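Engineer: Contents are mmCIF, C-alpha atoms; file name coords.cif:
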data_upload
#
loop_
_atom_site.label_atom_id
_atom_site.label_comp_id
_atom_site.auth_asym_id
_atom_site.auth_seq_id
_atom_site.Cartn_x
_atom_site.Cartn_y
_atom_site.Cartn_z
CA MET G 1 1.66 -1.93 -11.27
CA ALA G 2 4.24 -3.65 -9.13
CA ASN G 3 4.38 -5.64 -5.95
CA LEU G 4 5.99 -4.00 -2.94
CA GLN G 5 9.63 -5.09 -2.72
CA PRO G 6 11.69 -4.03 0.30
CA ARG G 7 15.03 -2.27 0.21
CA LYS G 8 17.12 -0.56 2.86
CA TYR G 9 16.23 3.04 3.62
CA PRO G 10 17.33 5.80 3.76
CA PRO G 11 19.97 5.94 1.03
CA TRP G 12 23.38 7.17 2.08
CA PRO G 13 23.78 10.75 0.75
CA LYS G 14 26.27 10.85 -2.11
CA GLU G 15 27.29 14.44 -1.43
CA PRO G 16 28.09 16.02 1.94
CA LEU G 17 26.11 18.99 3.21
CA VAL G 18 29.41 20.92 3.33
CA GLN G 19 33.00 19.96 2.78
CA PRO G 20 34.59 18.62 5.98
CA ALA G 21 36.95 21.60 6.28
CA ASN G 22 33.94 23.94 6.47
CA TRP G 23 31.69 22.11 8.90
CA ARG G 24 32.14 24.71 11.65
CA ASN G 25 30.29 27.20 9.44
CA LEU G 26 27.11 25.18 9.99
CA PRO G 27 24.54 26.70 12.38
CA GLN G 28 24.63 25.35 15.92
CA ARG G 29 20.84 25.23 16.07
CA LEU G 30 18.12 24.79 13.48
CA VAL G 31 15.51 27.50 13.97
CA ARG G 32 11.90 26.39 14.40
CA PRO G 33 9.66 28.58 12.23
CA GLU G 34 6.19 29.60 13.34
CA PHE G 35 3.37 28.08 11.32
CA PRO G 36 -0.36 28.82 11.15
CA GLU G 37 -2.74 26.62 13.08
CA ILE G 38 -3.85 23.30 11.62
CA LYS G 39 -7.25 23.68 9.96
CA PRO G 40 -9.76 21.15 11.39
CA GLU G 41 -11.81 21.34 8.20
CA PHE G 42 -8.83 19.98 6.23
CA ILE G 43 -8.71 16.92 8.49
CA VAL G 44 -12.46 16.36 8.16
CA SER G 45 -12.23 16.77 4.39
CA ALA G 46 -9.76 13.88 4.25
CA GLN G 47 -11.53 11.74 6.86
CA PRO G 48 -15.08 12.82 7.90
CA ASP G 49 -15.05 10.42 10.88
CA TYR G 50 -12.47 12.66 12.58
CA GLU G 51 -14.85 15.59 13.01
CA GLY G 52 -14.56 17.01 16.52
CA ILE G 53 -11.21 15.31 17.26
CA SER G 54 -8.25 17.62 17.83
CA ALA G 55 -5.24 17.48 15.53
CA ARG G 56 -2.97 16.87 18.52
CA HIS G 57 -5.00 13.82 19.57
CA ILE G 58 -4.97 12.42 16.03
CA ARG G 59 -1.18 12.78 15.83
CA SER G 60 -0.48 11.13 19.17
CA SER G 61 -3.03 8.32 18.67
CA TRP G 62 -2.28 7.40 15.06
CA ALA G 63 0.35 4.80 15.94
CA HIS G 64 -2.28 2.86 17.90
CA VAL G 65 -4.84 2.46 15.08
CA ASN G 66 -2.72 -0.22 13.38
CA TYR G 67 -1.99 1.68 10.17
CA ARG G 68 1.56 1.27 8.96
CA SER G 69 3.76 3.10 6.54
CA MET G 70 3.92 1.18 3.27
CA GLY G 71 7.10 2.76 1.99
CA MET G 72 7.80 3.99 -1.50
CA TYR G 73 5.66 2.16 -4.04
CA ARG G 74 7.40 3.23 -7.20
CA LYS G 75 9.45 5.91 -8.91
CA VAL G 76 8.10 7.55 -12.04
CA PHE G 77 9.74 9.97 -14.42
CA ILE G 78 7.92 12.92 -15.95
CA ASP G 79 9.63 13.61 -19.27
CA PRO G 80 9.13 16.69 -21.46
CA PRO G 81 6.77 17.76 -22.87
CA LYS G 82 4.78 16.39 -19.93
CA ALA G 83 4.93 18.65 -16.89
CA ALA G 84 2.44 17.22 -14.40
CA LEU G 85 1.51 14.01 -12.64
CA PRO G 86 -1.63 12.09 -13.59
CA GLU G 87 -4.67 12.60 -11.37
CA GLY G 88 -4.68 9.01 -10.12
CA TYR G 89 -2.55 5.90 -9.83
CA ASN G 90 -3.24 2.16 -9.65
CA LEU G 91 -1.74 0.19 -6.76
CA LEU G 92 -1.62 -3.58 -6.48
CA PHE G 93 -2.48 -4.97 -3.03
CA SER G 94 -2.95 -8.34 -1.41
CA ASP G 95 -5.83 -9.14 0.96
CA ALA G 96 -3.71 -7.91 3.87
CA GLY G 97 -2.91 -4.69 2.02
CA VAL G 98 -6.57 -3.85 1.53
CA ALA G 99 -7.11 -3.84 5.29
CA ASN G 100 -4.41 -1.20 5.55
CA CYS G 101 -5.26 0.57 2.31
CA ALA G 102 -4.15 4.14 1.82
CA THR G 103 -6.44 7.00 0.85
CA HIS G 104 -4.06 8.94 -1.40
CA VAL G 105 -0.71 8.66 -3.17
CA PHE G 106 1.82 11.39 -2.47
CA GLY G 107 3.96 12.23 -5.48
CA VAL G 108 7.12 13.58 -3.82
CA TYR G 109 9.58 15.49 -5.98
CA ALA G 110 12.10 18.33 -5.92
CA PRO G 111 11.09 21.68 -7.42
CA LEU G 112 12.65 22.80 -10.68
CA PRO G 113 16.34 23.69 -10.29
CA PRO G 114 17.12 27.42 -10.08
CA THR G 115 17.88 29.05 -13.41
CA HIS G 116 19.63 32.24 -14.39
CA GLY G 117 19.78 34.36 -17.50
CA ASP G 118 17.13 35.55 -19.91
CA PRO G 119 13.61 34.03 -19.92
CA SER G 120 14.14 32.15 -23.19
CA ALA G 121 17.24 30.38 -21.80
CA ARG G 122 15.32 29.50 -18.63
CA LEU G 123 12.47 28.07 -20.70
CA ARG G 124 14.86 25.93 -22.77
CA LYS G 125 16.52 24.53 -19.63
CA CYS G 126 13.25 23.69 -17.87
CA ALA G 127 11.80 22.15 -21.02
CA ARG G 128 14.54 19.52 -20.94
CA PHE G 129 14.24 18.84 -17.21
CA ARG G 130 13.29 15.25 -16.33
CA ARG G 131 11.43 15.18 -13.05
CA THR G 132 11.82 12.15 -10.78
CA VAL G 133 8.77 11.50 -8.58
CA ASP G 134 8.61 9.08 -5.64
CA LEU G 135 5.13 7.65 -5.08
CA TYR G 136 4.11 6.99 -1.46
CA PRO G 137 0.71 5.44 -0.68
CA THR G 138 -0.44 7.10 2.53
CA HIS G 139 -3.37 8.35 4.60
CA ALA G 140 -4.24 11.99 3.95
CA ALA G 141 -5.94 12.62 7.30
CA ILE G 142 -2.82 12.15 9.40
CA TRP G 143 -0.82 14.51 7.19
CA ALA G 144 -3.60 17.11 7.47
CA ALA G 145 -3.16 16.87 11.26
CA TYR G 146 0.62 17.44 10.99
CA CYS G 147 1.12 19.90 8.14
CA ALA G 148 -0.07 23.50 7.94
CA ASN G 149 1.14 24.01 4.36
CA LEU G 150 -0.42 21.06 2.53
CA PRO G 151 -3.39 21.63 0.23
CA GLN G 152 -6.84 20.44 1.21
CA MET G 153 -7.27 16.74 0.35
CA HIS G 154 -10.71 15.26 -0.12
CA GLU G 155 -11.94 11.79 0.68
CA SER G 156 -12.58 9.90 -2.53
CA PRO G 157 -14.73 6.81 -3.14
CA MET G 158 -12.74 3.59 -3.09
CA LYS G 159 -12.22 2.20 -6.58
CA LEU G 160 -11.25 -1.42 -6.05
CA LYS G 161 -11.13 -4.29 -8.53
CA VAL G 162 -9.98 -7.87 -8.22
CA TYR G 163 -6.72 -8.22 -10.11
CA ARG G 164 -5.96 -11.87 -9.35
CA ALA G 165 -8.13 -14.56 -7.84
CA ALA G 166 -6.77 -16.65 -5.00
CA ASP G 167 -5.77 -20.26 -5.46
CA GLU G 168 -3.59 -22.72 -3.58
CA ARG G 169 -0.42 -21.05 -4.88
CA VAL G 170 -1.13 -17.31 -4.59
CA THR G 171 -3.27 -14.99 -2.50
CA ARG G 172 -5.96 -12.79 -3.93
CA ALA G 173 -4.83 -9.38 -5.18
CA PHE G 174 -6.65 -6.13 -5.87
CA VAL G 175 -6.06 -3.01 -7.92
CA LEU G 176 -6.84 0.17 -6.03
CA ARG G 177 -7.17 3.52 -7.81
CA LEU G 178 -6.07 6.41 -5.61
CA PRO G 179 -5.78 10.16 -6.24
CA ILE G 180 -2.26 11.58 -6.49
CA VAL G 181 -1.29 14.65 -4.44
CA PRO G 182 1.79 16.50 -5.76
CA ILE G 183 4.20 17.16 -2.87
CA PRO G 184 7.18 19.37 -3.82
CA VAL G 185 9.88 19.32 -1.13
CA PRO G 186 13.49 20.57 -1.14
CA HIS G 187 14.99 17.16 -0.24
CA PRO G 188 12.88 14.18 -1.41
CA GLU G 189 15.45 11.69 -0.12
CA SER G 190 14.58 12.45 3.51
CA PHE G 191 10.81 12.56 3.07
CA TYR G 192 10.37 8.95 4.13
CA ALA G 193 12.18 9.57 7.41
CA ILE G 194 9.50 12.15 8.19
CA MET G 195 6.83 9.69 7.12
CA LEU G 196 8.17 7.14 9.59
CA PHE G 197 7.63 9.56 12.46
CA VAL G 198 4.14 10.45 11.26
CA TYR G 199 3.13 6.78 11.46
CA THR G 200 4.93 5.89 14.70
CA TYR G 201 5.08 9.12 16.75
CA ARG G 202 8.51 7.97 17.97
CA LYS G 203 11.45 10.32 18.15
CA SER G 204 13.91 7.42 18.05
CA VAL G 205 12.49 6.26 14.71
CA LEU G 206 13.15 9.62 13.06
CA ILE G 207 16.64 9.93 14.58
CA ASN G 208 17.58 6.40 13.51
CA ALA G 209 16.34 7.07 9.97
CA LEU G 210 18.40 10.24 9.65
CA LEU G 211 21.52 8.85 11.35
CA PRO G 212 21.48 5.16 10.38
CA ILE G 213 24.70 4.14 12.11
CA ILE G 214 23.68 3.49 15.70
CA ALA G 215 20.12 2.48 16.52
CA LEU G 216 18.59 4.28 19.48
CA PRO G 217 16.22 2.10 21.51
CA PRO G 218 12.47 2.76 21.20
CA ASP G 219 11.06 5.70 23.16
CA SER G 220 10.29 4.61 26.69
CA GLY G 221 9.86 7.78 28.72
CA MET G 222 12.80 6.63 30.89
CA GLU G 223 15.58 8.12 28.75
CA PRO G 224 18.38 10.13 30.42
CA PRO G 225 18.44 13.92 29.93
CA ALA G 226 18.84 15.04 26.33
CA ASP G 227 22.39 16.36 26.76
CA ILE G 228 23.59 13.01 28.15
CA LEU G 229 21.86 11.04 25.40
CA ILE G 230 23.28 13.33 22.69
CA ALA G 231 26.80 12.94 24.10
CA ARG G 232 26.52 9.13 24.07
CA HIS G 233 25.06 9.07 20.57
CA ALA G 234 27.69 11.51 19.26
CA ARG G 235 30.55 9.41 20.63
CA ALA G 236 29.12 6.29 19.01
CA LEU G 237 28.89 8.10 15.66
CA ALA G 238 32.39 9.54 16.00
CA GLU G 239 33.84 6.08 16.62
CA ARG G 240 32.38 4.83 13.35
CA CYS G 241 32.48 7.79 10.96
CA ASP G 242 35.10 10.15 9.62
CA LEU G 243 34.32 13.82 8.99
CA LEU G 244 33.20 13.21 5.41
CA ARG G 245 30.67 10.59 6.49
CA LEU G 246 29.39 12.88 9.22
CA CYS G 247 28.95 15.70 6.71
CA GLN G 248 26.94 13.30 4.57
CA LEU G 249 24.74 12.43 7.54
CA ALA G 250 24.29 16.15 8.20
CA LYS G 251 22.74 16.40 4.75
CA ASN G 252 20.07 13.88 5.81
CA VAL G 253 19.22 15.96 8.88
CA HIS G 254 19.29 19.33 7.15
CA GLY G 255 17.24 17.95 4.26
CA ALA G 256 14.56 16.78 6.68
CA TYR G 257 14.65 20.22 8.31
CA ARG G 258 13.99 21.94 4.98
CA ASN G 259 11.19 19.50 4.21
CA MET G 260 9.54 20.10 7.58
CA ILE G 261 9.53 23.83 6.88
CA ALA G 262 8.07 23.29 3.41
CA LEU G 263 5.35 21.00 4.77
CA GLY G 264 4.60 23.22 7.75
CA ILE G 265 5.11 20.50 10.39
CA VAL G 266 3.62 21.69 13.70
CA GLU G 267 4.39 18.68 15.92
CA THR G 268 6.79 19.71 18.71
CA ARG G 269 7.89 16.13 19.31
CA MET G 270 9.17 15.82 15.73
CA TRP G 271 11.09 19.08 16.02
CA ASP G 272 12.66 17.82 19.26
CA ALA G 273 13.86 14.70 17.44
CA LEU G 274 15.29 16.74 14.57
CA GLU G 275 17.18 19.00 16.97
CA HIS G 276 18.56 15.92 18.73
CA ALA G 277 19.85 14.53 15.42
CA TRP G 278 21.43 17.86 14.44
CA ALA G 279 23.13 18.37 17.82
CA THR G 280 24.38 14.78 17.73
CA VAL G 281 26.03 15.00 14.32
CA LEU G 282 27.68 18.35 15.16
CA ALA G 283 29.00 16.98 18.45
CA ALA G 284 30.36 13.93 16.62
CA MET G 285 32.16 16.20 14.13
CA ASP G 286 33.80 18.06 17.01
CA LEU G 287 34.96 14.82 18.62
CA VAL G 288 36.53 13.61 15.36
CA GLU G 289 38.20 16.91 14.45
CA THR G 290 39.67 17.50 17.90
CA GLY G 291 40.93 13.93 18.13
CA ALA G 292 38.88 13.16 21.23
CA VAL G 293 37.67 10.07 19.38
CA VAL G 294 39.56 8.24 16.66
CA ALA G 295 37.16 7.49 13.83
CA ALA G 296 37.17 4.02 12.35
CA ALA G 297 37.04 3.40 8.62
CA ALA G 298 33.99 4.91 6.97
CA ALA G 299 31.04 2.90 8.14
CA ALA G 300 28.02 1.76 6.23
CA PRO G 301 24.49 2.02 7.67
CA THR G 302 23.78 -0.83 10.05
CA THR G 303 20.07 -0.27 10.52
CA ALA G 304 17.41 -0.95 7.91
CA THR G 305 14.87 1.51 9.27
CA ALA G 306 12.18 1.04 6.65
CA THR G 307 11.22 -0.57 3.39
CA ALA G 308 10.58 0.80 -0.06
CA THR G 309 10.86 -0.25 -3.68
CA THR G 310 13.18 0.48 -6.56
CA THR G 311 10.80 -0.32 -9.42
CA THR G 312 10.78 2.41 -12.06
CA THR G 313 8.58 3.32 -14.96
CA THR G 314 8.03 6.16 -17.40
CA ALA G 315 4.85 8.18 -16.99
#
Would you encode the structure as structure tokens?

Structural biologist:
Amino acid sequence: MANLQPRKYPPWPKEPLVQPANWRNLPQRLVRPEFPEIKPEFIVSAQPDYEGISARHIRSSWAHVNYRSMGMYRKVFIDPPKAALPEGYNLLFSDAGVANCATHVFGVYAPLPPTHGDPSARLRKCARFRRTVDLYPTHAAIWAAYCANLPQMHESPMKLKVYRAADERVTRAFVLRLPIVPIPVPHPESFYAIMLFVYTYRKSVLINALLPIIALPPDSGMEPPADILIARHARALAERCDLLRLCQLAKNVHGAYRNMIALGIVETRMWDALEHAWATVLAAMDLVETGAVVAAAAAAPTTATATATTTTTTA
């Protein structure tokens, strides 16, 4: 168990999506796949009170029910010979945390790396693979309303115990036992950016998380046309980033794209935000390469878009 301790998010990608000399080989648009319809019974399974409410209404209204994203709780490492996550996990919460308590813990991790060669060599490589898993306390019902590819998640009885009594120095704390849902995604680093949108329903929040250089103002409904906004945003990025930095930011955006496909995200508003981020970073690359804008020294992120923790343990 560990208390929630904030850190800046998202991390700056260490590797670029492509080398700067090859950025024009990137696709101009990210194709939106077609997904099956959201299953209402999956939403009801996670939260029976939502029976009869459309998935679209749940998605658009979630930001108004006062739930908030709690960030990454902890990293765990699954070492051989272990190959799977435990069925549940204990979280430590204060009185305020209980009011916002999650229903499940998502264990987010990358699938096994691709292997080549004969089956015995593949088995030896995978047997030594140490899996890193990010644990995110969350609410299963909202994800069931967003994602066509997630497994069915069931409501579970709350298992809550007092961990620490309150006194004049500290607040009361509880231990909450929650079921873990394994969530394999291609790019775990950008999962939390998606989570931010799920909890806020704001395009600007997702864009700012993926391109943490210039903060777009909150969605207001009074924004200029998309092409004008993208041009302004791209120029601001180009003034602060060289091509290498922009290729690193592209990895954030493309990683989120791959995750959205894996999860089966059906929300059009989230796809619009992703396309905005992708068009912006490509336009910024063009401005830098053609010399239309002189890039400053490589910039560091200026916006702390979320909180998470860096506590680690061995499962």

Engineer: Considering all atoms listed in the file, can you say which of G:Tyr109, G:Tyr201, G:Trp23, G:Phe35 comes closest to Leu135 in chain G?

Structural biologist: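 With all atoms listed in the file as the atom set, the closest residue is G:Tyr109.
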
Engineer: Hey, what comes out of the PyMOL selection byres ((chain G and resi 190) around 8) on this file? Could you write it as number ranges by chain?

Structural biologist: G: 10, 187-189, 191-194, 210, 252-253, 255-256, 259

Engineer: Quick one: residues within 9 Å of Ser204 in chain G, only C-alpha atoms, excluding same-chain residues fewer than 5 positions away - as a PDB file with C-alpha atoms, keeping the file's coordinate frame?

Structural biologist:
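What follows is the written file part-v6.pdb:
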ATOM      1  CA  PHE G 197       7.630   9.560  12.460  1.00  0.00           C
ATOM      2  CA  ALA G 209      16.340   7.070   9.970  1.00  0.00           C
ATOM      3  CA  ALA G 215      20.120   2.480  16.520  1.00  0.00           C
ATOM      4  CA  LEU G 216      18.590   4.280  19.480  1.00  0.00           C
ATOM      5  CA  PRO G 217      16.220   2.100  21.510  1.00  0.00           C
ATOM      6  CA  PRO G 218      12.470   2.760  21.200  1.00  0.00           C
ATOM      7  CA  ASP G 219      11.060   5.700  23.160  1.00  0.00           C
ATOM      8  CA  ALA G 273      13.860  14.700  17.440  1.00  0.00           C
TER       9      ALA G 273
END

Engineer: I need the output of the PyMOL selection byres ((chain G and resi 211) around 9) for this file as a PyMOL selection string; which residues are they?

Structural biologist: chain G and resi 206-210+212-215+237+249-250+252-253+277+281+301

Engineer: Evaluate the PyMOL selection byres ((chain G and resi 239) around 9) on the structure here and hand back the selected residues as a PyMOL selection string.

Structural biologist: chain G and resi 234-238+240-242+284+288+293-296

Engineer: Hey, can you check how far CA of Phe42 in chain G sits from CA of Gln152 in chain G?

Structural biologist: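 Between CA of Phe42 in chain G and CA of Gln152 in chain G the gap works out to 5.4 Å.
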
Engineer: If we count all atoms listed in the file and set the cut-off at 10 Å, which residues sit around Ser60 in chain G, ignoring sequence neighbours fewer than 3 positions away in its own chain? Please answer as a VMD selection string.

Structural biologist: chain G and resid 55 to 57 63 to 64 198 to 202 267 269

Engineer: I'd like the neighbourhood of Ala226 in chain G as a VMD selection string, where a residue qualifies if any of its atoms comes within 10 Å (using only C-alpha atoms), though same-chain residues fewer than 5 positions away should be ignored.

Structural biologist: chain G and resid 231 to 232 272 276

Engineer: For the selection you just gave me, I'd like the residues written to a file as a short mmCIF file (atom, residue, chain, number, x, y, z; two decimals), in the frame of the given file, keeping C-alpha atoms.

Structural biologist:
data_model
loop_
_atom_site.label_atom_id
_atom_site.label_comp_id
_atom_site.auth_asym_id
_atom_site.auth_seq_id
_atom_site.Cartn_x
_atom_site.Cartn_y
_atom_site.Cartn_z
CA ALA G 231 26.80 12.94 24.10
CA ARG G 232 26.52 9.13 24.07
CA ASP G 272 12.66 17.82 19.26
CA HIS G 276 18.56 15.92 18.73
#

Engineer: Using Å and a single decimal, report how far CA of His154 in chain G sits from CA of Phe106 in chain G.

Structural biologist: 13.3 Å

Engineer: Suppose you want the space between CA of Gly107 in chain G and CA of Ile180 in chain G; what is it in Å?

Structural biologist: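 Spanning CA of Gly107 in chain G to CA of Ile180 in chain G is a straight-line distance of 6.3 Å.
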
Engineer: Tell me which residues come within 12 Å of (-8.4, 15.8, 17.5), as a list of chain:residue names, counting all atoms listed in the file in the file's coordinates.

Structural biologist: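 Those within range, by chain then number, are G:Ile38, G:Lys39, G:Pro40, G:Glu41, G:Ile43, G:Val44, G:Gln47, G:Asp49, G:Tyr50, G:Glu51, G:Gly52, G:Ile53, G:Ser54, G:Ala55, G:Arg56, G:His57, G:Ile58, G:Arg59, G:Ser60, G:Ser61, G:Trp62, G:Ala141, G:Ile142, G:Ala144, G:Ala145, G:Tyr146.
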
Engineer: Which neighbours of Tyr257 in chain G fall inside 8 Å, counting only C-alpha atoms, when residues of the same chain fewer than 3 positions from it are skipped, and could you give them as a count of residues only?

Structural biologist: 6

Engineer: With only C-alpha atoms as the basis for distance, which of G:Val266, G:Cys247, G:Leu91, G:Leu229 is at the shortest distance from Leu282 in chain G?

Structural biologist: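 Ranking G:Val266, G:Cys247, G:Leu91, G:Leu229 by distance to Leu282 in chain G, first place goes to G:Cys247.
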
Engineer: Just checking: using all atoms listed in the file, which residue out of G:Ala140, G:Ala110, G:Val175, G:Ile230 ends up closest to Asn90 in chain G?

Structural biologist: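 Comparing G:Ala140, G:Ala110, G:Val175, G:Ile230 against Asn90 in chain G, the winner is G:Val175.
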